Structure formats: C-alpha cells, structure tokens
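Engineer: Take a look at data_6.pdb, PDB, C-alpha atoms:
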ATOM      1  CA  MET A  51       8.394 -78.915  50.852
ATOM      2  CA  ARG A  52       5.212 -79.949  49.151
ATOM      3  CA  LYS A  53       4.539 -78.129  45.935
ATOM      4  CA  ALA A  54       1.067 -77.405  44.631
ATOM      5  CA  PRO A  55      -0.259 -75.796  41.501
ATOM      6  CA  LEU A  56      -0.170 -72.028  41.538
ATOM      7  CA  LEU A  57      -3.416 -70.602  42.803
ATOM      8  CA  ALA A  58      -3.675 -66.899  42.229
ATOM      9  CA  THR A  59      -6.581 -65.116  43.718
ATOM     10  CA  LEU A  60      -7.318 -61.560  42.626
ATOM     11  CA  ALA A  61      -9.239 -59.269  44.884
ATOM     12  CA  LEU A  62      -9.893 -55.556  44.978
ATOM     13  CA  ILE A  63      -8.961 -54.276  48.395
ATOM     14  CA  SER A  64      -8.567 -50.593  49.212
ATOM     15  CA  GLY A  65      -8.187 -49.665  45.552
ATOM     16  CA  CYS A  66      -5.194 -51.959  44.989
ATOM     17  CA  ILE A  67      -4.870 -55.357  43.426
ATOM     18  CA  TYR A  68      -3.510 -57.963  45.791
ATOM     19  CA  VAL A  69      -2.302 -61.407  44.806
ATOM     20  CA  VAL A  70      -2.497 -64.316  47.177
ATOM     21  CA  ASP A  71       0.324 -66.701  46.370
ATOM     22  CA  GLU A  72      -0.298 -70.150  47.836
ATOM     23  CA  ARG A  73       2.513 -71.934  46.084
ATOM     24  CA  ASN A  74       4.435 -72.400  49.299
ATOM     25  CA  ILE A  75       1.714 -74.244  51.156
ATOM     26  CA  GLY A  76       3.993 -75.658  53.818
ATOM     27  CA  GLY A  77       5.473 -72.300  54.677
ATOM     28  CA  ASN A  78       4.011 -69.318  56.445
ATOM     29  CA  ASP A  79       0.498 -68.165  55.760
ATOM     30  CA  GLY A  80      -0.056 -67.028  52.213
ATOM     31  CA  SER A  81       1.561 -63.577  51.789
ATOM     32  CA  ARG A  82      -0.430 -60.704  50.210
ATOM     33  CA  PHE A  83       1.364 -58.028  48.221
ATOM     34  CA  CYS A  84       0.395 -55.099  45.890
ATOM     35  CA  LEU A  85       1.518 -55.239  42.306
ATOM     36  CA  ASP A  86       4.355 -52.814  41.534
ATOM     37  CA  ASP A  87       2.000 -49.841  41.004
ATOM     38  CA  ARG A  88       0.943 -48.410  44.306
ATOM     39  CA  ASP A  89      -1.172 -45.590  42.785
ATOM     40  CA  CYS A  90      -2.749 -47.780  40.116
ATOM     41  CA  ASP A  91      -1.972 -45.231  37.383
ATOM     42  CA  GLY A  92      -0.731 -47.751  34.877
ATOM     43  CA  VAL A  93       2.942 -46.990  35.480
ATOM     44  CA  SER A  94       5.014 -49.291  37.679
ATOM     45  CA  ASP A  95       6.534 -47.822  40.763
ATOM     46  CA  ARG A  96       9.956 -48.523  39.297
ATOM     47  CA  ASP A  97       9.146 -46.605  36.088
ATOM     48  CA  GLU A  98       7.629 -43.768  38.058
ATOM     49  CA  GLY A  99      10.873 -43.464  39.934
ATOM     50  CA  ILE A 100      12.735 -43.258  36.610
ATOM     51  CA  ARG A 101      10.329 -40.734  35.116
ATOM     52  CA  GLY A 102      10.159 -38.618  38.212
ATOM     53  CA  THR A 103       6.421 -39.044  38.738
ATOM     54  CA  ASP A 104       4.917 -39.773  42.106
ATOM     55  CA  PRO A 105       4.293 -43.510  42.600
ATOM     56  CA  ASP A 106       1.704 -42.646  45.226
ATOM     57  CA  ASN A 107      -0.224 -40.106  43.032
ATOM     58  CA  ALA A 108      -1.926 -41.304  39.894
ATOM     59  CA  ASP A 109      -1.967 -37.747  38.474
ATOM     60  CA  THR A 110       1.337 -36.258  39.477
ATOM     61  CA  ASP A 111       0.843 -32.891  37.693
ATOM     62  CA  GLY A 112      -2.820 -32.556  38.671
ATOM     63  CA  ASP A 113      -4.054 -31.895  35.130
ATOM     64  CA  GLY A 114      -6.843 -34.429  35.246
ATOM     65  CA  VAL A 115      -5.046 -37.101  33.236
ATOM     66  CA  ASP A 116      -3.373 -40.086  34.902
ATOM     67  CA  ASP A 117       0.380 -40.420  34.596
ATOM     68  CA  GLY A 118      -0.012 -43.644  32.647
ATOM     69  CA  VAL A 119      -2.351 -42.068  30.073
ATOM     70  CA  GLU A 120      -0.418 -38.859  29.336
ATOM     71  CA  PRO A 121       2.520 -40.417  27.424
ATOM     72  CA  GLY A 122       0.075 -42.098  25.066
ATOM     73  CA  GLN A 123      -1.414 -38.679  24.229
ATOM     74  CA  GLY A 124       1.986 -37.148  23.734
ATOM     75  CA  CYS A 125       1.653 -35.213  26.971
ATOM     76  CA  ASP A 126       4.094 -34.715  29.805
ATOM     77  CA  PRO A 127       2.882 -36.228  33.089
ATOM     78  CA  LEU A 128       5.000 -33.688  34.919
ATOM     79  CA  ASP A 129       3.521 -30.652  33.074
ATOM     80  CA  PRO A 130      -0.199 -29.887  33.461
ATOM     81  CA  ASP A 131      -0.164 -27.824  30.221
ATOM     82  CA  THR A 132       2.119 -29.633  27.833
ATOM     83  CA  ASP A 133       1.700 -27.165  24.943
ATOM     84  CA  ASP A 134       1.646 -24.045  27.148
ATOM     85  CA  ASP A 135      -1.521 -22.679  25.546
ATOM     86  CA  GLY A 136      -3.299 -21.847  28.771
ATOM     87  CA  LEU A 137      -5.457 -24.964  28.811
ATOM     88  CA  SER A 138      -4.573 -27.997  30.927
ATOM     89  CA  ASP A 139      -3.994 -31.322  29.266
ATOM     90  CA  GLY A 140      -7.186 -32.562  30.892
ATOM     91  CA  GLU A 141      -9.306 -29.635  29.602
ATOM     92  CA  GLU A 142      -8.211 -29.874  25.978
ATOM     93  CA  PRO A 143      -9.750 -33.295  25.215
ATOM     94  CA  GLN A 144     -13.029 -32.075  26.691
ATOM     95  CA  ILE A 145     -12.988 -28.978  24.440
ATOM     96  CA  GLY A 146     -11.755 -30.908  21.434
ATOM     97  CA  THR A 147      -8.447 -29.101  21.079
ATOM     98  CA  ASP A 148      -5.057 -30.763  20.779
ATOM     99  CA  PRO A 149      -3.150 -30.800  24.102
ATOM    100  CA  THR A 150       0.128 -30.973  22.202
ATOM    101  CA  ASN A 151      -0.619 -28.055  19.814
ATOM    102  CA  PRO A 152      -1.041 -24.590  21.305
ATOM    103  CA  ASP A 153      -2.987 -23.426  18.214
ATOM    104  CA  SER A 154      -5.239 -26.310  17.260
ATOM    105  CA  ASP A 155      -6.927 -24.490  14.362
ATOM    106  CA  ASP A 156      -3.732 -22.820  13.093
ATOM    107  CA  ASP A 157      -5.279 -19.334  12.990
ATOM    108  CA  GLY A 158      -2.470 -17.571  14.798
ATOM    109  CA  LEU A 159      -4.173 -17.482  18.207
ATOM    110  CA  ASN A 160      -3.475 -20.005  20.924
ATOM    111  CA  ASP A 161      -6.221 -22.234  22.174
ATOM    112  CA  GLY A 162      -6.318 -20.767  25.661
ATOM    113  CA  ASP A 163      -6.819 -17.220  24.399
ATOM    114  CA  GLU A 164      -9.518 -18.287  21.977
ATOM    115  CA  HIS A 165     -11.336 -20.366  24.593
ATOM    116  CA  ALA A 166     -11.223 -17.484  27.066
ATOM    117  CA  GLY A 167     -12.192 -14.957  24.391
ATOM    118  CA  PRO A 168     -14.919 -14.757  21.803
ATOM    119  CA  THR A 169     -13.393 -16.803  18.996
ATOM    120  CA  ASP A 170     -13.559 -20.547  18.409
ATOM    121  CA  PRO A 171     -10.282 -22.454  19.014
ATOM    122  CA  LEU A 172     -11.497 -25.082  16.557
ATOM    123  CA  ASP A 173     -12.443 -22.648  13.734
ATOM    124  CA  PRO A 174      -9.676 -20.565  12.152
ATOM    125  CA  ASP A 175     -12.213 -18.046  10.750
ATOM    126  CA  SER A 176     -14.880 -17.617  13.385
ATOM    127  CA  ASP A 177     -16.960 -15.112  11.369
ATOM    128  CA  ASP A 178     -16.406 -16.752   7.970
ATOM    129  CA  ASP A 179     -15.306 -13.515   6.284
ATOM    130  CA  GLY A 180     -12.246 -14.903   4.563
ATOM    131  CA  LEU A 181      -9.750 -13.705   7.169
ATOM    132  CA  ASN A 182      -8.535 -16.010   9.897
ATOM    133  CA  ASP A 183      -8.953 -14.901  13.476
ATOM    134  CA  GLY A 184      -5.262 -14.201  13.978
ATOM    135  CA  ASP A 185      -5.069 -11.929  10.933
ATOM    136  CA  GLU A 186      -8.121 -10.026  12.115
ATOM    137  CA  SER A 187      -6.487  -9.538  15.475
ATOM    138  CA  ASP A 188      -3.388  -8.099  13.769
ATOM    139  CA  LEU A 189      -5.428  -5.807  11.468
ATOM    140  CA  GLY A 190      -7.717  -4.591  14.206
ATOM    141  CA  SER A 191     -10.849  -5.888  12.504
ATOM    142  CA  ASP A 192     -13.555  -7.759  14.399
ATOM    143  CA  PRO A 193     -13.122 -11.561  14.191
ATOM    144  CA  LEU A 194     -16.814 -11.960  14.990
ATOM    145  CA  ASN A 195     -18.094  -9.422  12.418
ATOM    146  CA  PRO A 196     -17.570 -10.307   8.747
ATOM    147  CA  ASP A 197     -17.806  -6.610   7.747
ATOM    148  CA  SER A 198     -16.026  -4.787  10.540
ATOM    149  CA  ASP A 199     -16.433  -1.294   9.069
ATOM    150  CA  ASP A 200     -19.977  -1.835   7.727
ATOM    151  CA  ASP A 201     -19.089  -0.550   4.262
ATOM    152  CA  GLY A 202     -20.781  -3.366   2.386
ATOM    153  CA  VAL A 203     -17.602  -5.328   1.686
ATOM    154  CA  GLN A 204     -16.512  -8.221   3.892
ATOM    155  CA  ASP A 205     -13.153  -7.997   5.615
ATOM    156  CA  GLY A 206     -11.514 -10.762   3.572
ATOM    157  CA  PRO A 207     -12.354  -9.292   0.143
ATOM    158  CA  GLU A 208     -11.264  -5.850   1.388
ATOM    159  CA  VAL A 209      -7.806  -7.163   2.144
ATOM    160  CA  ASP A 210      -7.693  -8.791  -1.309
ATOM    161  CA  LEU A 211      -8.735  -5.500  -2.968
ATOM    162  CA  GLY A 212      -6.291  -3.453  -0.925
ATOM    163  CA  THR A 213      -8.982  -1.472   0.879
ATOM    164  CA  ASP A 214      -9.000  -1.031   4.641
ATOM    165  CA  PRO A 215     -11.403  -3.409   6.443
ATOM    166  CA  THR A 216     -11.498  -1.013   9.397
ATOM    167  CA  ASN A 217     -12.262   2.118   7.319
ATOM    168  CA  PRO A 218     -15.530   2.321   5.359
ATOM    169  CA  ASP A 219     -14.086   4.952   2.972
ATOM    170  CA  SER A 220     -10.534   3.852   2.238
ATOM    171  CA  ASP A 221      -9.723   6.697  -0.175
ATOM    172  CA  GLN A 222     -11.511   9.384   1.875
ATOM    173  CA  ASP A 223     -13.510  10.637  -1.104
ATOM    174  CA  GLY A 224     -16.849  10.675   0.680
ATOM    175  CA  ILE A 225     -18.181   7.418  -0.780
ATOM    176  CA  ASP A 226     -18.065   4.083   1.057
ATOM    177  CA  ASP A 227     -15.936   1.361  -0.475
ATOM    178  CA  GLY A 228     -18.939  -0.881  -1.107
ATOM    179  CA  VAL A 229     -20.794   1.833  -3.015
ATOM    180  CA  GLU A 230     -17.718   2.576  -5.132
ATOM    181  CA  ILE A 231     -17.380  -1.065  -6.082
ATOM    182  CA  GLU A 232     -21.050  -1.191  -7.083
ATOM    183  CA  ASP A 233     -20.810   2.073  -9.070
ATOM    184  CA  GLY A 234     -17.574   1.130 -10.780
ATOM    185  CA  THR A 235     -15.450   3.879  -9.253
ATOM    186  CA  ASP A 236     -12.104   3.122  -7.681
ATOM    187  CA  PRO A 237     -12.291   2.733  -3.872
ATOM    188  CA  LEU A 238      -8.562   3.414  -3.710
ATOM    189  CA  ALA A 239      -8.588   6.602  -5.839
ATOM    190  CA  GLY A 240     -10.315   9.681  -4.509
ATOM    191  CA  ASP A 241     -10.806  10.981  -8.058
ATOM    192  CA  SER A 242     -11.511   7.974 -10.276
ATOM    193  CA  ASP A 243     -11.666   9.911 -13.575
ATOM    194  CA  ALA A 244      -8.842  12.317 -12.674
ATOM    195  CA  ASP A 245     -10.893  15.387 -13.558
ATOM    196  CA  GLY A 246     -10.035  17.361 -10.462
ATOM    197  CA  LEU A 247     -13.262  16.604  -8.606
ATOM    198  CA  PRO A 248     -13.362  13.937  -5.865
ATOM    199  CA  ASP A 249     -15.764  11.098  -6.538
ATOM    200  CA  GLY A 250     -17.861  12.136  -3.559
ATOM    201  CA  VAL A 251     -18.286  15.685  -4.899
ATOM    202  CA  GLU A 252     -19.310  14.720  -8.432
ATOM    203  CA  PRO A 253     -22.776  13.396  -7.472
ATOM    204  CA  GLU A 254     -23.427  16.655  -5.625
ATOM    205  CA  VAL A 255     -22.470  18.669  -8.710
ATOM    206  CA  GLY A 256     -24.309  16.275 -11.001
ATOM    207  CA  THR A 257     -21.249  15.257 -12.995
ATOM    208  CA  ASP A 258     -20.193  11.723 -13.846
ATOM    209  CA  PRO A 259     -17.367  10.420 -11.613
ATOM    210  CA  LEU A 260     -16.337   8.113 -14.449
ATOM    211  CA  ASP A 261     -16.242  10.824 -17.159
ATOM    212  CA  PRO A 262     -13.655  13.588 -16.796
ATOM    213  CA  ASP A 263     -15.598  15.891 -19.168
ATOM    214  CA  SER A 264     -19.258  15.301 -18.421
ATOM    215  CA  ASP A 265     -20.576  17.785 -21.005
ATOM    216  CA  ASP A 266     -17.925  17.037 -23.647
ATOM    217  CA  ASP A 267     -17.008  20.680 -24.114
ATOM    218  CA  GLY A 268     -13.275  20.180 -23.952
ATOM    219  CA  LEU A 269     -12.877  21.281 -20.335
ATOM    220  CA  LEU A 270     -12.433  18.910 -17.412
ATOM    221  CA  ASP A 271     -15.236  18.986 -14.865
ATOM    222  CA  GLY A 272     -12.897  20.184 -12.148
ATOM    223  CA  ASP A 273     -11.553  22.949 -14.383
ATOM    224  CA  GLU A 274     -15.112  24.104 -15.106
ATOM    225  CA  VAL A 275     -15.964  24.261 -11.418
ATOM    226  CA  ASP A 276     -12.818  26.314 -10.804
ATOM    227  CA  ARG A 277     -13.618  28.701 -13.677
ATOM    228  CA  GLY A 278     -17.258  29.033 -12.741
ATOM    229  CA  THR A 279     -18.569  27.475 -15.953
ATOM    230  CA  ASN A 280     -21.229  24.801 -15.908
ATOM    231  CA  PRO A 281     -19.705  21.316 -16.208
ATOM    232  CA  LEU A 282     -23.075  20.033 -17.392
ATOM    233  CA  GLU A 283     -23.560  22.670 -20.145
ATOM    234  CA  PRO A 284     -21.076  22.763 -23.030
ATOM    235  CA  ASP A 285     -21.856  26.444 -23.800
ATOM    236  CA  THR A 286     -22.264  28.037 -20.387
ATOM    237  CA  ASP A 287     -22.892  31.574 -21.668
ATOM    238  CA  GLY A 288     -25.154  30.474 -24.531
ATOM    239  CA  GLY A 289     -23.176  32.541 -27.002
ATOM    240  CA  GLY A 290     -22.771  29.798 -29.570
ATOM    241  CA  ALA A 291     -19.250  28.640 -28.819
ATOM    242  CA  ASN A 292     -18.598  25.847 -26.360
ATOM    243  CA  ASP A 293     -16.611  26.531 -23.244
ATOM    244  CA  GLY A 294     -13.514  24.638 -24.325
ATOM    245  CA  ASP A 295     -13.266  26.544 -27.632
ATOM    246  CA  GLU A 296     -13.706  29.854 -25.834
ATOM    247  CA  VAL A 297     -10.918  29.089 -23.404
ATOM    248  CA  SER A 298      -8.698  28.010 -26.305
ATOM    249  CA  SER A 299      -9.440  31.185 -28.333
ATOM    250  CA  GLY A 300      -9.094  33.507 -25.382
ATOM    251  CA  THR A 301     -12.733  34.586 -25.139
ATOM    252  CA  ASP A 302     -14.748  34.503 -21.942
ATOM    253  CA  PRO A 303     -16.904  31.355 -21.573
ATOM    254  CA  LEU A 304     -19.056  33.318 -19.124
ATOM    255  CA  ASP A 305     -19.778  36.187 -21.574
ATOM    256  CA  GLY A 306     -21.984  35.322 -24.544
ATOM    257  CA  SER A 307     -21.397  38.683 -26.267
ATOM    258  CA  ASP A 308     -17.849  37.811 -27.219
ATOM    259  CA  ASP A 309     -18.643  34.506 -28.915
ATOM    260  CA  ALA A 310     -17.491  35.209 -32.472
ATOM    261  CA  GLY A 311     -19.229  32.168 -33.887
ATOM    262  CA  ALA A 312     -19.267  28.577 -32.857
ATOM    263  CA  ASP A 313     -18.229  27.366 -36.290
ATOM    264  CA  ASP A 314     -15.623  30.026 -37.065
ATOM    265  CA  PRO A 315     -13.337  30.628 -34.098
ATOM    266  CA  LEU A 316     -10.889  33.496 -34.191
ATOM    267  CA  GLU A 317      -7.714  32.779 -36.081
ATOM    268  CA  PRO A 318      -4.247  34.191 -35.418
ATOM    269  CA  GLY A 319      -4.144  37.791 -36.657
ATOM    270  CA  GLU A 320      -7.933  38.099 -36.866
ATOM    271  CA  VAL A 321      -9.506  41.145 -35.201
ATOM    272  CA  ILE A 322     -13.021  42.424 -34.628
ATOM    273  CA  GLU A 323     -13.663  46.011 -35.845
ATOM    274  CA  PRO A 324     -16.712  48.286 -35.980
ATOM    275  CA  GLY A 325     -18.855  47.385 -38.959
ATOM    276  CA  VAL A 326     -20.896  44.332 -39.796
ATOM    277  CA  GLY A 327     -21.247  41.013 -38.098
ATOM    278  CA  ARG A 328     -18.771  38.259 -38.555
ATOM    279  CA  PRO A 329     -19.517  35.772 -41.343
ATOM    280  CA  GLY A 330     -21.657  33.024 -39.917
ATOM    281  CA  GLN A 331     -23.100  35.262 -37.158
ATOM    282  CA  ASN A 332     -26.612  36.637 -37.147
ATOM    283  CA  ARG A 333     -25.821  40.371 -37.043
ATOM    284  CA  PRO A 334     -27.613  43.220 -38.859
ATOM    285  CA  PRO A 335     -26.124  44.210 -42.251
ATOM    286  CA  THR A 336     -24.231  47.417 -42.641
ATOM    287  CA  GLY A 337     -26.552  50.424 -42.600
ATOM    288  CA  ALA A 338     -29.480  48.595 -41.002
ATOM    289  CA  ASN A 339     -28.955  50.628 -37.844
ATOM    290  CA  PRO A 340     -27.115  53.763 -38.921
ATOM    291  CA  GLY A 341     -26.882  55.111 -35.431
ATOM    292  CA  ASP A 342     -25.516  51.917 -33.952
ATOM    293  CA  ASP A 343     -21.814  52.372 -33.542
ATOM    294  CA  ASP A 344     -21.571  48.917 -31.913
ATOM    295  CA  ASP A 345     -21.883  47.077 -35.241
ATOM    296  CA  ILE A 346     -18.678  45.202 -35.844
ATOM    297  CA  ARG A 347     -16.838  44.131 -38.934
ATOM    298  CA  VAL A 348     -14.294  41.346 -38.941
ATOM    299  CA  THR A 349     -11.309  41.886 -41.144
ATOM    300  CA  ARG A 350      -8.059  40.151 -41.616
ATOM    301  CA  SER A 351      -4.980  42.032 -40.567
ATOM    302  CA  CYS A 352      -3.115  42.926 -43.696
ATOM    303  CA  GLY A 353       0.316  42.388 -42.295
ATOM    304  CA  CYS A 354       1.390  45.371 -44.406
ATOM    305  CA  ASP A 355       5.006  46.309 -44.514
ATOM    306  CA  ALA A 356       6.381  49.904 -44.575
ATOM    307  CA  SER A 357       5.442  50.343 -48.271
ATOM    308  CA  GLY A 358       1.752  50.314 -47.434
ATOM    309  CA  ALA A 359       1.979  53.069 -44.834
ATOM    310  CA  PRO A 360       1.427  56.083 -47.235
ATOM    311  CA  ALA A 361      -1.803  54.590 -48.586
ATOM    312  CA  ALA A 362      -3.088  54.038 -45.079
ATOM    313  CA  LEU A 363      -2.338  57.656 -44.154
ATOM    314  CA  ILE A 364      -4.227  58.924 -47.228
ATOM    315  CA  ALA A 365      -7.243  56.691 -46.513
ATOM    316  CA  LEU A 366      -7.554  57.650 -42.864
ATOM    317  CA  PRO A 367      -8.896  61.251 -43.441
ATOM    318  CA  LEU A 368     -11.417  59.944 -45.964
ATOM    319  CA  VAL A 369     -12.780  57.468 -43.406
ATOM    320  CA  LEU A 370     -13.079  60.189 -40.792
ATOM    321  CA  VAL A 371     -14.947  62.502 -43.223
ATOM    322  CA  GLY A 372     -17.327  59.685 -44.142
ATOM    323  CA  LEU A 373     -18.161  59.045 -40.509
ATOM    324  CA  THR A 374     -18.786  62.754 -39.884
ATOM    325  CA  LEU A 375     -21.194  63.057 -42.833
ATOM    326  CA  ARG A 376     -22.973  59.873 -41.758
ATOM    327  CA  ARG A 377     -23.662  61.291 -38.313
ATOM    328  CA  ARG A 378     -25.061  64.574 -39.788
ATOM    329  CA  ASP A 379     -27.515  62.639 -41.946
TER     330      ASP A 379
END
Mind converting the file's structure to structure tokens?
Structural biologist:
Amino acid sequence: MRKAPLLATLALISGCIYVVDERNIGGNDGSRFCLDDRDCDGVSDRDEGIRGTDPDNADTDGDGVDDGVEPGQGCDPLDPDTDDDGLSDGEEPQIGTDPTNPDSDDDGLNDGDEHAGPTDPLDPDSDDDGLNDGDESDLGSDPLNPDSDDDGVQDGPEVDLGTDPTNPDSDQDGIDDGVEIEDGTDPLAGDSDADGLPDGVEPEVGTDPLDPDSDDDGLLDGDEVDRGTNPLEPDTDGGGANDGDEVSSGTDPLDGSDDAGADDPLEPGEVIEPGVGRPGQNRPPTGANPGDDDDIRVTRSCGCDASGAPAALIALPLVLVGLTLRRRD
C-alpha cells in the first residue's frame, strides 16, 4: 500500500463539515464523513449523549441559545429558563439581565415580573425615591411615583421618619405630613404641643400648635376652648385678672364683675362684704353713693373663737340701727 502525505480538504456541505481523507490512496475512493457533531452546536455527539441533549438539534431546549454556548454562560441546555424568572435564557442577554439570577437588580422582584410590569429589572429603585421596587410592592406604594401619597415627602424618607408613604396625613390630625415637617409639628403626633387641641384645629382657632398656652394665661389652649374662654386673650372677661388666676381662685373667667383685682387674688379665708372696694381696685369710696347697697368691703375673717361671740352679738344691733338711720337720711 502506497502511503502519501495526509491531504485534508475542508468543505461546507449541507451545513456540516466534511473531511476528505486521501491517505489510503490505493484503497477505495476517498471516504467523506461528518465530524462528531451532527448538529454543529459545538458539542460532540458523544458528549451530547452523555449530557442528554439532542445531537441532531443545536438548541435542545429551544431557548435561543445553542447547547454548546449555554454551559459557558452557566445555563442549562436542557432548561429554557435556567433561573426560573419567567425570561428564557435567550431573552435575558438581549435585555441585559442575568440568565442565572432571577433578580438581576436585587430589588426583591424577579426579572420576568419586572420586564412584564412597569418597573426596570436592571434598576432596583425605578422611581429613585429611596425605596427599592420590592419594598414598594410590599408597602403598597407606587414604585413609579416617588411620592405615592402626594403629601410632599418622598416614599423613602417617609419610611425613615416612620410616617406612612401611602397616607398623606399619618397622624390623622388634618395636616399633611409634608406641611407638618415644614412647620415643625410632629407628623406622628396629632397634638404636637399636648394642649388638648389637634394640630389641624389650632390654625382654625388661631392658636399656636407648638405652644400649649398661646396667650400665656396659665390655661392650656384646649382647656380654654372647653371652658369657653378665649385662648388668644389672657383675660377673657376683661375684669383685670387673667383666666388662669381666675380658675385657680375659683372666680368665673367669663364674668368680669367678680375679678377682685389682678394683683391681689383672693386668699384663703378672705371674703367680699358690702362696703368699699377691695384695695387695689378702682371702686368708689364709702359714702360716695349712699344709696348704692352694692358697694363691697373686703375684710379678713377674724377666725374668732367662742370668746368673741358676745361682742359680736352686741355689735350686730348697732350695725342694723346705723343702716336704718342711713336709709332715712
């Protein structure tokens, strides 16, 4: 048998590579045979048999990626969606997502859901509000609206503050969270100054939601509203004593006639009797209006014991006689 140098001729015929081996010149005509990869997918027929792929189908799982390419990408040539995210292994490279990671942007939502929905599978925070898309989905906020409740505060900062990104007025006081933050009131406390009036009511009344006693009269704004006094006027009845002192002394802050004097409040044991005005009050002197029985005199209770009783009994008729003569004059 005459031997000759190996002459290998490569030709593309019907999609396969054939080799013409003319080493055995004296034998039969040169035999043509296909390399051991009938489907030209880069995997030998022998290996395909081991792996379970189809040696006659370059893309056994029909995902758009040849069997020989998938292992290099970490994909399974027998599974069209290796990471089970709803996108085929062939689609993911086109989108830019990772075919071996069901959540390419690590936002808590799988790539298939994001691609089918409104959010971006390559951006963990599609609306750039500080909350990732998965967290927004759990909270019920809008992953495409940075301020889901339109209260002036973005969803991410709301979560940090403890307010509700889906409720514009988290404390239900009548003022939106964003306005409260700007004004300095507490968006988580319905009554920031603890005066008994909700923050939303105080602007209507005219009081300060950051000052529990807006008129500094010693009564809380809420207490004044309940009593009927003016929380913006320290002396509602204009009698000279402020509302807080009147409540403390037992007088009526809505009746100016009983204000005994702003600078000299009633003391324990002190009484008001017919006669002259109380020291410090502008009242007519005794005798200025003889017929006015409404003049009052303030005296101090004597706290007399039993030994003073006889003197009091003797003095009483004299007082009565004096009053009778006074009326006749």
Engineer: List the spatial neighbours of segment 111-128 of chain A as a ChimeraX atom specification - criterion: any atom at most 10 Å away, all atoms listed in the file, same-chain residues fewer than 3 positions off excluded.
Structural biologist: /A:89-94,98,101-105,107-108,131-133,137-141,143,148-150
Engineer: Okay, now the selection with C-alpha atoms, as a compact mmCIF listing (two decimals), keeping the file's coordinate frame?
Structural biologist:
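Dumped to out_27.txt:
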# COMPACT_ATOMS: atom_id res chain seq x y z
CA ASP A 89 -1.17 -45.59 42.78
CA CYS A 90 -2.75 -47.78 40.12
CA ASP A 91 -1.97 -45.23 37.38
CA GLY A 92 -0.73 -47.75 34.88
CA VAL A 93 2.94 -46.99 35.48
CA SER A 94 5.01 -49.29 37.68
CA GLU A 98 7.63 -43.77 38.06
CA ARG A 101 10.33 -40.73 35.12
CA GLY A 102 10.16 -38.62 38.21
CA THR A 103 6.42 -39.04 38.74
CA ASP A 104 4.92 -39.77 42.11
CA PRO A 105 4.29 -43.51 42.60
CA ASN A 107 -0.22 -40.11 43.03
CA ALA A 108 -1.93 -41.30 39.89
CA ASP A 131 -0.16 -27.82 30.22
CA THR A 132 2.12 -29.63 27.83
CA ASP A 133 1.70 -27.16 24.94
CA LEU A 137 -5.46 -24.96 28.81
CA SER A 138 -4.57 -28.00 30.93
CA ASP A 139 -3.99 -31.32 29.27
CA GLY A 140 -7.19 -32.56 30.89
CA GLU A 141 -9.31 -29.64 29.60
CA PRO A 143 -9.75 -33.30 25.22
CA ASP A 148 -5.06 -30.76 20.78
CA PRO A 149 -3.15 -30.80 24.10
CA THR A 150 0.13 -30.97 22.20
Engineer: What does the distance from atom CA of Gly306 of chain A to atom CA of Asp285 of chain A come to in Å, to one decimal?
Structural biologist: 8.9 Å
Engineer: What does the PyMOL selection byres ((chain A and resi 250-261) around 10) select in this file, as JSON, numbers by chain?
Structural biologist: {"A": [222, 223, 224, 225, 226, 230, 233, 234, 235, 236, 240, 241, 242, 243, 244, 245, 246, 247, 248, 249, 262, 263, 264, 265, 266, 270, 271, 272, 275, 280, 281, 282]}
Engineer: Show me, as a list in words, the residues that have an atom within 9 Å of segment 199-203 of chain A when counting all atoms listed in the file, minus same-chain residues fewer than 4 positions from it.
Structural biologist: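 The filter keeps Ser191, Asp192, Asn195, Pro207, Glu208, Asp214, Pro215, Thr216, Asn217, Pro218, Asp219, Asp226, Asp227, Gly228, Val229 and Ile231 of chain A.
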Engineer: Please measure the separation of atom CA of Val209 of chain A and atom CA of Leu238 of chain A, giving the value in Å to one decimal.
Structural biologist: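 Atom-to-atom, atom CA of Val209 of chain A and atom CA of Leu238 of chain A are spaced 12.1 Å apart.
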Engineer: Could you name the residues that touch Ser154 of chain A at 12 Å or less, counting only C-alpha atoms, but leaving out those on the same chain fewer than 6 positions away, as a VMD selection string?
Structural biologist: chain A and resid 133 135 137 142 to 143 145 to 148 160 to 165 170 to 174
Engineer: Give me, as a PyMOL selection string, all polymer residues having an atom no more than 6 Å from segment 289-305 of chain A, counting all atoms listed in the file and skipping those fewer than 5 positions away in the same chain.
Structural biologist: chain A and resi 267-269+284+312
Engineer: One number please: atom CA of Gly206 of chain A to atom CA of Gly190 of chain A, in Å, one decimal.
Structural biologist: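 So the two atoms, atom CA of Gly206 of chain A and atom CA of Gly190 of chain A, lie 12.9 Å apart.
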Engineer: Edge lengths and centre in Å to one decimal, as lines of an AutoDock Vina configuration file, is what I'm after for the box along x, y and z that holds all listed atoms of segment 168-180 of chain A once 3 Å is added on each side.
Structural biologist:
center_x = -13.3
center_y = -19.3
center_z = 13.2
size_x = 13.3
size_y = 17.6
size_z = 23.2
Engineer: Segment 176-189 of chain A: which residues within 7 Å, counting only C-alpha atoms, same-chain residues fewer than 4 positions away excluded, as a ChimeraX atom specification?
Structural biologist: /A:157-159,169-170,193-196,204-206
